[in-house]
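S.K.: The file below is input14.txt, compact mmCIF, C-alpha atoms:
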```txt
# COMPACT_ATOMS: atom_id res chain seq x y z
CA MET A 1 -74.70 -159.49 44.44
CA ARG A 2 -75.51 -157.42 47.48
CA ILE A 3 -78.67 -158.31 49.37
CA ILE A 4 -80.06 -157.52 52.80
CA ILE A 5 -80.50 -160.59 54.99
CA ASN A 6 -82.32 -160.14 58.30
CA GLY A 7 -81.56 -156.43 58.21
CA GLU A 8 -77.86 -156.71 57.38
CA ALA A 9 -76.21 -156.17 54.00
CA GLU A 10 -74.34 -159.18 52.65
CA GLU A 11 -72.37 -159.85 49.51
CA ILE A 12 -73.30 -163.16 47.89
CA ASN A 13 -70.94 -164.39 45.19
CA GLU A 14 -73.55 -165.72 42.82
CA ALA A 15 -74.81 -164.27 39.56
CA GLU A 16 -78.16 -166.00 39.93
CA LEU A 17 -79.69 -166.78 43.28
CA THR A 18 -82.82 -168.74 44.12
CA VAL A 19 -84.37 -168.99 47.57
CA SER A 20 -83.32 -172.66 47.72
CA ARG A 21 -79.72 -171.75 46.91
CA LEU A 22 -79.69 -168.97 49.52
CA LEU A 23 -81.02 -171.33 52.22
CA ASN A 24 -78.19 -173.66 51.27
CA ILE A 25 -75.50 -170.97 51.24
CA LYS A 26 -76.63 -169.66 54.62
CA ASN A 27 -76.53 -173.19 56.08
CA ILE A 28 -80.12 -173.06 57.28
CA GLU A 29 -80.22 -176.43 59.02
CA SER A 30 -83.96 -176.88 59.08
CA PRO A 31 -85.65 -174.99 56.22
CA ASP A 32 -88.97 -176.45 57.38
CA MET A 33 -88.70 -174.25 60.49
CA VAL A 34 -88.24 -171.05 58.47
CA SER A 35 -90.60 -168.92 56.45
CA VAL A 36 -88.92 -166.77 53.79
CA GLN A 37 -90.01 -163.22 53.06
CA VAL A 38 -88.55 -161.31 50.10
CA ASN A 39 -89.40 -157.60 49.95
CA ASP A 40 -92.56 -157.88 52.09
CA THR A 41 -93.86 -160.93 50.21
CA ILE A 42 -93.89 -164.44 51.66
CA VAL A 43 -92.45 -166.96 49.21
CA ASP A 44 -94.47 -170.14 48.78
CA ARG A 45 -92.39 -173.20 49.70
CA ALA A 46 -93.20 -174.77 46.35
CA ASP A 47 -91.52 -171.80 44.63
CA TYR A 48 -88.18 -171.93 46.49
CA ASP A 49 -86.38 -173.53 43.51
CA HIS A 50 -87.68 -170.92 41.07
CA LYS A 51 -87.98 -167.67 43.02
CA GLN A 52 -85.04 -165.47 42.04
CA ILE A 53 -83.45 -163.06 44.48
CA SER A 54 -82.05 -159.88 42.94
CA GLN A 55 -79.58 -157.19 43.87
CA ASP A 56 -80.71 -155.11 46.89
CA ASP A 57 -83.59 -157.46 47.75
CA GLU A 58 -84.51 -157.59 51.42
CA VAL A 59 -84.72 -161.17 52.63
CA GLU A 60 -86.07 -162.13 56.04
CA PHE A 61 -85.86 -165.61 57.52
CA LEU A 62 -88.85 -165.82 59.87
CA TYR A 63 -88.30 -168.66 62.33
CA PHE A 64 -91.13 -170.82 63.65
CA MET A 65 -91.15 -170.53 67.42
CA GLY A 66 -93.48 -172.52 69.62
CA GLY A 67 -92.67 -172.44 73.28
CA GLY A 68 -95.05 -171.16 75.88
CA ALA A 69 -96.97 -173.87 77.67
CA CYS A 70 -94.37 -176.61 77.12
CA SER A 71 -94.34 -179.00 80.00
CA MET B 1 -118.34 -142.63 84.55
CA ARG B 2 -117.77 -145.27 87.14
CA ASP B 3 -117.15 -144.25 90.75
CA PHE B 4 -113.76 -145.49 91.84
CA SER B 5 -113.42 -146.43 95.49
CA THR B 6 -110.50 -145.00 97.45
CA GLU B 7 -108.94 -148.43 97.45
CA GLU B 8 -109.25 -148.69 93.67
CA LEU B 9 -107.77 -145.24 93.21
CA ASP B 10 -104.82 -146.33 95.33
CA ARG B 11 -104.46 -149.72 93.71
CA TYR B 12 -104.45 -148.33 90.18
CA SER B 13 -102.82 -144.96 90.94
CA ARG B 14 -99.72 -145.66 88.81
CA HIS B 15 -101.93 -146.32 85.80
CA ILE B 16 -104.15 -143.36 86.50
CA LEU B 17 -101.09 -141.09 86.63
CA LEU B 18 -100.22 -142.03 83.04
CA SER B 19 -101.69 -139.47 80.69
CA ASP B 20 -102.27 -142.20 78.05
CA VAL B 21 -104.26 -144.31 80.52
CA GLY B 22 -105.79 -142.15 83.25
CA VAL B 23 -109.12 -142.81 84.90
CA GLU B 24 -110.76 -143.47 81.53
CA GLY B 25 -108.16 -146.07 80.59
CA GLN B 26 -108.43 -147.79 83.95
CA GLU B 27 -112.17 -147.88 83.58
CA LYS B 28 -111.73 -149.60 80.22
CA LEU B 29 -109.37 -152.14 81.80
CA LEU B 30 -111.87 -152.90 84.57
CA SER B 31 -114.55 -153.72 82.03
CA ALA B 32 -112.26 -155.50 79.53
CA ARG B 33 -112.21 -159.24 78.84
CA VAL B 34 -108.96 -160.99 77.90
CA LEU B 35 -108.49 -164.71 77.19
CA ILE B 36 -105.10 -166.32 77.85
CA ILE B 37 -104.54 -169.58 75.99
CA GLY B 38 -101.99 -171.69 77.84
CA ALA B 39 -101.11 -171.31 81.54
CA GLY B 40 -97.43 -171.96 80.87
CA GLY B 41 -94.28 -169.94 80.34
CA LEU B 42 -96.01 -167.10 78.46
CA GLY B 43 -99.49 -167.35 79.93
CA CYS B 44 -98.32 -167.19 83.56
CA PRO B 45 -96.59 -163.80 83.48
CA ALA B 46 -99.30 -162.44 81.20
CA ALA B 47 -101.98 -163.62 83.64
CA LEU B 48 -100.29 -162.07 86.68
CA TYR B 49 -99.80 -158.67 84.99
CA LEU B 50 -103.32 -158.57 83.55
CA ALA B 51 -104.70 -159.40 86.99
CA ALA B 52 -102.56 -156.75 88.63
CA ALA B 53 -103.71 -154.25 85.98
CA GLY B 54 -107.33 -154.88 86.91
CA VAL B 55 -108.55 -156.44 83.66
CA GLY B 56 -112.11 -157.19 84.75
CA LYS B 57 -112.58 -160.61 83.20
CA ILE B 58 -109.67 -162.92 82.49
CA GLY B 59 -110.17 -166.34 80.94
CA ILE B 60 -107.41 -168.94 81.07
CA VAL B 61 -107.28 -172.18 79.07
CA ASP B 62 -105.05 -175.17 79.80
CA ASN B 63 -105.62 -178.87 80.18
CA ASP B 64 -102.42 -179.73 82.03
CA VAL B 65 -101.40 -180.13 85.65
CA VAL B 66 -98.34 -178.52 87.20
CA GLU B 67 -95.11 -180.51 87.04
CA ILE B 68 -91.80 -179.79 88.69
CA SER B 69 -90.11 -179.06 85.33
CA ASN B 70 -92.62 -176.21 84.76
CA LEU B 71 -91.48 -174.22 87.76
CA GLN B 72 -88.26 -172.98 86.12
CA ARG B 73 -90.34 -170.52 84.04
CA GLN B 74 -94.11 -170.87 84.65
CA ILE B 75 -94.06 -168.23 87.29
CA ALA B 76 -97.65 -168.43 88.55
CA HIS B 77 -97.15 -172.03 89.70
CA PHE B 78 -95.44 -172.74 93.01
CA THR B 79 -93.81 -175.90 94.38
CA TYR B 80 -96.91 -176.71 96.42
CA ASP B 81 -99.00 -176.64 93.22
CA ILE B 82 -97.32 -179.72 91.72
CA GLY B 83 -100.06 -182.08 90.61
CA ARG B 84 -102.76 -179.38 90.58
CA SER B 85 -104.57 -178.13 87.54
CA LYS B 86 -102.63 -175.25 85.95
CA VAL B 87 -105.72 -173.11 85.45
CA GLU B 88 -106.72 -173.48 89.12
CA SER B 89 -103.19 -172.70 90.23
CA ALA B 90 -103.04 -169.60 88.02
CA ARG B 91 -106.48 -168.44 89.14
CA ASP B 92 -105.44 -168.63 92.80
CA LYS B 93 -102.42 -166.38 92.21
CA MET B 94 -104.38 -163.88 90.13
CA LEU B 95 -107.01 -163.60 92.87
CA GLN B 96 -104.35 -163.24 95.53
CA ILE B 97 -103.00 -160.25 93.62
CA ASN B 98 -106.41 -158.77 92.87
CA PRO B 99 -109.38 -160.39 94.62
CA GLY B 100 -112.12 -158.52 92.81
CA LEU B 101 -111.56 -160.03 89.38
CA ASN B 102 -113.76 -162.40 87.44
CA ILE B 103 -111.51 -165.32 86.45
CA GLU B 104 -112.93 -167.93 84.12
CA THR B 105 -111.00 -171.22 83.89
CA TYR B 106 -111.19 -173.68 81.01
CA GLN B 107 -109.52 -176.98 81.79
CA LEU B 108 -109.75 -178.49 78.32
CA PHE B 109 -107.98 -178.96 75.00
CA LEU B 110 -108.88 -176.26 72.53
CA GLN B 111 -110.29 -177.78 69.40
CA ALA B 112 -112.04 -176.72 66.24
CA ALA B 113 -115.33 -177.67 67.86
CA ASN B 114 -115.00 -175.50 71.00
CA ILE B 115 -112.64 -172.61 70.29
CA ARG B 116 -114.96 -170.16 68.54
CA GLU B 117 -117.56 -170.36 71.27
CA ILE B 118 -114.93 -169.70 73.95
CA ILE B 119 -113.10 -166.77 72.31
CA ARG B 120 -116.35 -165.01 71.38
CA ASP B 121 -116.71 -163.87 75.00
CA TYR B 122 -113.44 -161.91 74.91
CA ASP B 123 -112.06 -158.64 73.51
CA PHE B 124 -108.46 -159.80 73.11
CA VAL B 125 -106.67 -163.16 73.03
CA ILE B 126 -103.13 -163.95 74.19
CA ASP B 127 -101.63 -167.03 72.56
CA GLY B 128 -99.26 -168.76 74.95
CA THR B 129 -99.57 -172.24 73.46
CA ASP B 130 -96.73 -174.67 72.96
CA ASN B 131 -97.54 -176.27 69.64
CA PHE B 132 -98.03 -175.16 66.07
CA PRO B 133 -101.35 -176.82 65.22
CA THR B 134 -102.94 -174.96 68.15
CA LYS B 135 -101.21 -171.68 67.23
CA PHE B 136 -102.72 -171.91 63.74
CA LEU B 137 -106.11 -172.91 65.17
CA VAL B 138 -106.07 -169.89 67.49
CA ASN B 139 -105.05 -167.56 64.66
CA ASP B 140 -107.72 -168.87 62.29
CA ALA B 141 -110.46 -168.75 64.92
CA CYS B 142 -109.52 -165.17 65.89
CA VAL B 143 -109.55 -164.10 62.22
CA MET B 144 -112.98 -165.71 61.73
CA GLU B 145 -114.39 -164.18 64.91
CA ASN B 146 -112.65 -160.86 64.30
CA ILE B 147 -110.92 -160.85 67.69
CA PRO B 148 -107.45 -159.26 68.12
CA LEU B 149 -104.67 -161.61 69.13
CA SER B 150 -101.11 -161.54 70.42
CA HIS B 151 -98.95 -164.34 69.03
CA GLY B 152 -95.94 -165.38 71.08
CA GLY B 153 -93.18 -167.95 70.69
CA ILE B 154 -89.97 -168.74 72.55
CA LEU B 155 -87.09 -171.13 71.92
CA ARG B 156 -83.75 -171.43 73.71
CA PHE B 157 -82.62 -167.77 74.02
CA ASP B 158 -85.01 -166.33 71.43
CA GLY B 159 -88.48 -164.88 71.49
CA GLN B 160 -90.91 -163.53 68.92
CA THR B 161 -94.27 -161.81 69.08
CA MET B 162 -96.74 -160.06 66.80
CA THR B 163 -100.12 -158.50 67.36
CA ILE B 164 -102.89 -159.31 64.93
CA VAL B 165 -105.93 -157.13 64.36
CA PRO B 166 -108.07 -159.16 61.95
CA GLY B 167 -109.06 -157.32 58.80
CA GLU B 168 -106.46 -154.63 59.41
CA SER B 169 -103.08 -156.27 59.85
CA SER B 170 -101.21 -159.38 58.78
CA CYS B 171 -102.11 -162.58 60.58
CA TYR B 172 -99.90 -165.46 61.75
CA ARG B 173 -100.84 -167.48 58.69
CA CYS B 174 -99.91 -164.59 56.35
CA SER B 175 -96.29 -165.12 57.35
CA PHE B 176 -96.10 -168.74 58.47
CA ARG B 177 -98.70 -170.43 56.21
CA SER B 178 -98.96 -173.87 57.83
CA PRO B 179 -97.56 -175.85 60.76
CA PRO B 180 -94.07 -177.24 60.13
CA PRO B 181 -93.85 -181.04 59.74
CA PRO B 182 -93.78 -182.64 63.20
CA ASP B 183 -90.41 -184.28 62.58
CA ALA B 184 -88.78 -180.88 62.01
CA VAL B 185 -89.94 -179.47 65.34
CA PRO B 186 -87.37 -179.87 68.11
CA THR B 187 -88.78 -181.41 71.26
CA CYS B 188 -88.76 -179.30 74.41
CA SER B 189 -86.33 -181.60 76.11
CA GLN B 190 -83.92 -181.28 73.18
CA ALA B 191 -84.24 -177.53 72.74
CA GLY B 192 -84.66 -176.03 76.20
CA VAL B 193 -85.43 -172.42 77.02
CA LEU B 194 -83.98 -169.83 79.36
CA GLY B 195 -86.73 -169.32 81.93
CA ALA B 196 -86.62 -165.52 82.02
CA ILE B 197 -87.23 -165.40 78.24
CA ALA B 198 -90.76 -166.60 78.95
CA GLY B 199 -91.23 -163.67 81.31
CA MET B 200 -89.84 -161.17 78.80
CA LEU B 201 -92.15 -162.37 76.06
CA GLY B 202 -95.25 -162.95 78.19
CA THR B 203 -95.05 -159.46 79.66
CA ILE B 204 -94.70 -157.94 76.17
CA GLN B 205 -97.88 -159.79 75.24
CA ALA B 206 -99.62 -158.48 78.37
CA ALA B 207 -98.47 -154.94 77.54
CA GLU B 208 -99.94 -155.29 74.04
CA ALA B 209 -103.29 -156.35 75.54
CA LEU B 210 -103.26 -153.37 77.92
CA LYS B 211 -102.36 -151.00 75.06
CA PHE B 212 -105.12 -152.41 72.88
CA ILE B 213 -107.70 -151.95 75.63
CA THR B 214 -106.65 -148.45 76.64
CA GLY B 215 -105.72 -147.25 73.15
CA ALA B 216 -102.31 -146.14 74.37
CA GLY B 217 -99.43 -146.12 71.88
CA SER B 218 -99.20 -148.24 68.77
CA LEU B 219 -99.41 -152.02 68.59
CA LEU B 220 -97.03 -154.60 67.14
CA THR B 221 -99.29 -154.94 64.12
CA ASN B 222 -97.67 -155.77 60.77
CA THR B 223 -94.54 -156.31 62.84
CA LEU B 224 -92.70 -159.36 64.11
CA LEU B 225 -90.70 -158.33 67.16
CA THR B 226 -87.83 -160.75 67.71
CA PHE B 227 -85.15 -160.80 70.34
CA ASN B 228 -82.15 -162.86 71.30
CA ALA B 229 -81.30 -162.77 74.97
CA LYS B 230 -77.66 -163.76 74.45
CA THR B 231 -76.96 -160.44 72.78
CA MET B 232 -80.14 -158.65 73.92
CA ALA B 233 -80.62 -157.63 70.29
CA PHE B 234 -84.22 -156.69 69.53
CA ARG B 235 -85.48 -156.38 65.94
CA LYS B 236 -88.75 -155.34 64.42
CA ILE B 237 -89.39 -157.06 61.11
CA ASN B 238 -91.97 -155.39 58.90
CA LEU B 239 -94.74 -157.71 57.78
CA LYS B 240 -97.49 -157.11 55.28
CA LYS B 241 -100.98 -158.53 55.06
CA GLN B 242 -100.63 -161.09 52.26
CA ASP B 243 -103.36 -161.07 49.66
CA ASP B 244 -102.85 -164.81 49.09
CA CYS B 245 -103.14 -165.67 52.80
CA PRO B 246 -105.21 -168.87 53.10
CA VAL B 247 -107.34 -167.47 55.92
CA CYS B 248 -107.36 -163.65 55.75
CA GLY B 249 -106.51 -163.11 52.06
CA SER B 250 -108.90 -162.01 49.34
CA LYS B 251 -109.72 -165.59 48.34
CA PRO B 252 -109.50 -167.61 51.54
CA THR B 253 -109.21 -171.40 51.20
CA ILE B 254 -109.65 -171.97 54.94
CA THR B 255 -113.22 -171.05 55.72
CA GLU B 256 -113.90 -173.46 58.54
CA LEU B 257 -111.79 -174.87 61.34
CA THR B 258 -110.47 -178.41 61.38
CA ASP B 259 -108.39 -180.28 63.94
CA ALA B 260 -104.87 -181.09 62.86
CA GLU B 261 -103.06 -184.06 64.30
CA GLN B 262 -101.71 -183.05 67.71
CA THR B 263 -97.96 -182.62 67.50
CA THR B 264 -97.01 -181.16 70.84
CA CYS B 265 -93.47 -181.71 71.93
CA ASP B 266 -94.77 -183.89 74.73
CA LEU B 267 -96.74 -186.11 72.43
CA LYS B 268 -93.79 -186.43 70.11
CA GLN B 269 -91.57 -187.44 72.97
CA LEU B 270 -94.14 -189.88 74.25
CA LYS B 271 -94.59 -191.41 70.82
CA LYS B 272 -90.85 -191.89 70.60
CA ASP B 273 -90.88 -193.59 73.97
CA GLY B 274 -93.59 -195.89 72.71
CA ASN B 275 -96.44 -194.98 75.01
CA TYR B 276 -99.10 -192.33 75.28
CA VAL B 277 -99.37 -191.75 78.99
CA ALA B 278 -101.14 -188.44 79.49
CA GLU B 279 -99.06 -185.91 81.35
```
Translate the structure of the given file into structure tokens.

M.R.:
Amino acid sequence: MRIIINGEAEEINEAELTVSRLLNIKNIESPDMVSVQVNDTIVDRADYDHKQISQDDEVEFLYFMGGGACS
Amino acid sequence: MRDFSTEELDRYSRHILLSDVGVEGQEKLLSARVLIIGAGGLGCPAALYLAAAGVGKIGIVDNDVVEISNLQRQIAHFTYDIGRSKVESARDKMLQINPGLNIETYQLFLQAANIREIIRDYDFVIDGTDNFPTKFLVNDACVMENIPLSHGGILRFDGQTMTIVPGESSCYRCSFRSPPPPDAVPTCSQAGVLGAIAGMLGTIQAAEALKFITGAGSLLTNTLLTFNAKTMAFRKINLKKQDDCPVCGSKPTITELTDAEQTTCDLKQLKKDGNYVAE
């Protein structure tokens, strides 16, 4: 299926696609450091195994970034 | 209207020339109050630009002292400041740029017990903190006190920022929900950061504060601005206020502040090394 990931269209060769599966396919090394937004809605971490991603969905991986006053 | 002295007219002439700022905007800046949390990579450039802009009262919070490894990016601190309190060092530089300002320093750790009282005295808050528990604490306190906030984060070659107007736009917790587990967070010494990234992000945060005060332009509300300095690609990601947000949603579950376990990169490193020497 074709989905938009971080603003860019990508073809994913899966008939069914959960958030967990997508994190795996995209080799997200540390899923704990990412928040997932699908079509303007933040997906609860507990729902990653169930939340289905559909054709033309817009997926954003929002990365946790600290920084700033690090000494 | 306030009478500007000739010196003030000269000092702020490049603001006054801007049709979106003008004398009225500069007057607003001179009577505005902005709190900077963290006198580090983000807080330093933000502090210098807000001081130069003539923001009348600037508060700055940090409990640390200047170390040599800070100087690569924490641009308000100079080599001769090593060992001094960061807030004192930053205050000196702000006053050297603009002697007439009221600078309030807070050399302390922000906690659930003290944060609301401190931020209440300010119109806008800039988050330049280094750790997630404090970022969430700052967000929650600003939502509860209804004070606009600029979130900022940097890592390696990347930066991100969003502006939060409580009640109107999405908050940090809308998108990020809760601090990541400490073990997942890379330590500073492992991750590193390109020094100039701190300047890029901190000055964007300062610009958001100046825009909020003067009313010029539109803010980074409901927007996460991200950039990668390797490619210099900037992106704006649309965010939406989430109805199920634990702090600003329709049925909030976080209604009072609590202190999370401190998980700063420094503490993590120190724990790994087996001692807790304060830096």

S.K.: Please find the residues of chain B near chain A - the criterion being any atom within 7 Å, counting only C-alpha atoms - and write them as number ranges by chain.

M.R.: B: 38-42, 69-70, 128-132, 153-155, 175-176, 180, 184, 188, 198, 239-240

S.K.: Find the spatial neighbours of Ala15 in chain A, counting all atoms listed in the file, within a cut-off of 12 Å - ignore same-chain residues fewer than 6 positions away - and output them as a VMD selection string.

M.R.: chain A and resid 1 to 2 21 52 to 55

S.K.: Compare B:Lys57, B:Ser250, B:Lys236, B:Ile119 by their minimum atom-to-atom distance to Gly167 in chain B, counting only C-alpha atoms, and give me the closest one.

M.R.: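 Of B:Lys57, B:Ser250, B:Lys236, B:Ile119, the one nearest Gly167 in chain B is B:Ser250, counting only C-alpha atoms.
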
S.K.: Tell me, as a list in words, which residues lie within 6 Å of range 162-165 of chain B, counting only C-alpha atoms; anything in the same chain fewer than 3 positions away does not count.

M.R.: Pro148, Leu149, Ser150, His151, Glu168, Ser169, Cys171, Leu220, Thr221, Thr223 and Leu224 of chain B

S.K.: Just give me the gap between CA of Arg156 in chain B and CA of Leu194 in chain B in Å, one decimal is fine.

M.R.: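 Computing it gives 5.9 Å between the two atoms.
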
S.K.: Find the distance between CA of Ala229 in chain B and CA of Gln72 in chain B and write it in Å to one decimal.

M.R.: 16.6 Å

S.K.: To one decimal place in Å, what is the distance between CA of Leu210 in chain B and CA of Leu17 in chain B?

M.R.: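 Rounded to one decimal, the two atoms are 15.2 Å apart.
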
S.K.: Any idea what's packed within 8 Å of Ala51 in chain B, counting all atoms listed in the file, ignoring anything in its chain fewer than 2 positions away? Could you give it as a count of residues only?

M.R.: 12

S.K.: Might you pull out every residue within 12 Å of range 2-7 of chain B, with only C-alpha atoms counted and same-chain residues fewer than 4 positions away left off, and present them as a PDB file with C-alpha atoms, in the frame of the given file?

M.R.:
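around.pdb, written as the output of this step:
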```
ATOM      1  CA  ARG B  11    -104.460-149.720  93.710  1.00  0.00           C
ATOM      2  CA  TYR B  12    -104.450-148.330  90.180  1.00  0.00           C
ATOM      3  CA  SER B  13    -102.820-144.960  90.940  1.00  0.00           C
ATOM      4  CA  ILE B  16    -104.150-143.360  86.500  1.00  0.00           C
ATOM      5  CA  VAL B  23    -109.120-142.810  84.900  1.00  0.00           C
ATOM      6  CA  GLU B  24    -110.760-143.470  81.530  1.00  0.00           C
ATOM      7  CA  GLY B  25    -108.160-146.070  80.590  1.00  0.00           C
ATOM      8  CA  GLN B  26    -108.430-147.790  83.950  1.00  0.00           C
ATOM      9  CA  GLU B  27    -112.170-147.880  83.580  1.00  0.00           C
ATOM     10  CA  LYS B  28    -111.730-149.600  80.220  1.00  0.00           C
ATOM     11  CA  LEU B  30    -111.870-152.900  84.570  1.00  0.00           C
ATOM     12  CA  SER B  31    -114.550-153.720  82.030  1.00  0.00           C
ATOM     13  CA  ASN B  98    -106.410-158.770  92.870  1.00  0.00           C
ATOM     14  CA  GLY B 100    -112.120-158.520  92.810  1.00  0.00           C
TER      15      GLY B 100
END
```

S.K.: If we count all atoms listed in the file and set the cut-off at 10 Å, which residues sit around Ile118 in chain B, ignoring sequence neighbours fewer than 6 positions away in its own chain? Please answer as a list in words.

M.R.: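 In the requested format, the answer is Leu35, Gly59, Val61, Tyr106 and Leu110 of chain B.
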
S.K.: Pick out the closest residue to Ser89 in chain B from this set: B:Ile147, B:Val185, B:Cys44, B:Ile36. Count all atoms listed in the file.

M.R.: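 Using all atoms listed in the file, the shortest distance to Ser89 in chain B belongs to B:Cys44.
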
S.K.: Find, counting only C-alpha atoms, the residue in B:His77, B:Arg84, B:Arg177, B:His15 that gets nearest to Asn139 in chain B.

M.R.: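 Counting only C-alpha atoms, the residue closest to Asn139 in chain B is B:Arg177.
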
S.K.: Missing atoms in range 50-64 of chain A should be modelled up to N, CA and C atoms and reported as a tab-separated table (two decimals), in the coordinates of the input.

M.R.:
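This is the output file result23.tsv:
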```tsv
chain	number	residue	atom	x	y	z
A	50	HIS	N	-87.52	-171.81	42.23
A	50	HIS	CA	-87.68	-170.92	41.07
A	50	HIS	C	-87.55	-169.45	41.43
A	51	LYS	N	-87.95	-169.08	42.64
A	51	LYS	CA	-87.98	-167.67	43.02
A	51	LYS	C	-86.56	-167.08	43.02
A	52	GLN	N	-86.35	-166.10	42.16
A	52	GLN	CA	-85.04	-165.47	42.04
A	52	GLN	C	-84.92	-164.30	43.01
A	53	ILE	N	-83.76	-164.20	43.62
A	53	ILE	CA	-83.45	-163.06	44.48
A	53	ILE	C	-82.52	-162.14	43.70
A	54	SER	N	-82.81	-160.85	43.75
A	54	SER	CA	-82.05	-159.88	42.94
A	54	SER	C	-81.27	-158.93	43.83
A	55	GLN	N	-80.37	-158.23	43.20
A	55	GLN	CA	-79.58	-157.19	43.87
A	55	GLN	C	-80.47	-156.28	44.73
A	56	ASP	N	-80.03	-156.01	45.95
A	56	ASP	CA	-80.71	-155.11	46.89
A	56	ASP	C	-82.03	-155.64	47.47
A	57	ASP	N	-82.37	-156.89	47.15
A	57	ASP	CA	-83.59	-157.46	47.75
A	57	ASP	C	-83.40	-157.57	49.26
A	58	GLU	N	-84.52	-157.42	49.96
A	58	GLU	CA	-84.51	-157.59	51.42
A	58	GLU	C	-85.11	-158.94	51.75
A	59	VAL	N	-84.29	-159.80	52.31
A	59	VAL	CA	-84.72	-161.17	52.63
A	59	VAL	C	-84.81	-161.31	54.15
A	60	GLU	N	-85.92	-161.85	54.61
A	60	GLU	CA	-86.07	-162.13	56.04
A	60	GLU	C	-86.32	-163.62	56.22
A	61	PHE	N	-85.56	-164.24	57.10
A	61	PHE	CA	-85.86	-165.61	57.52
A	61	PHE	C	-86.71	-165.49	58.79
A	62	LEU	N	-87.96	-165.88	58.71
A	62	LEU	CA	-88.85	-165.82	59.87
A	62	LEU	C	-88.89	-167.22	60.48
A	63	TYR	N	-88.41	-167.34	61.70
A	63	TYR	CA	-88.30	-168.66	62.33
A	63	TYR	C	-89.59	-169.04	63.04
A	64	PHE	N	-90.02	-170.28	62.86
A	64	PHE	CA	-91.13	-170.82	63.65
A	64	PHE	C	-90.68	-170.95	65.10
```
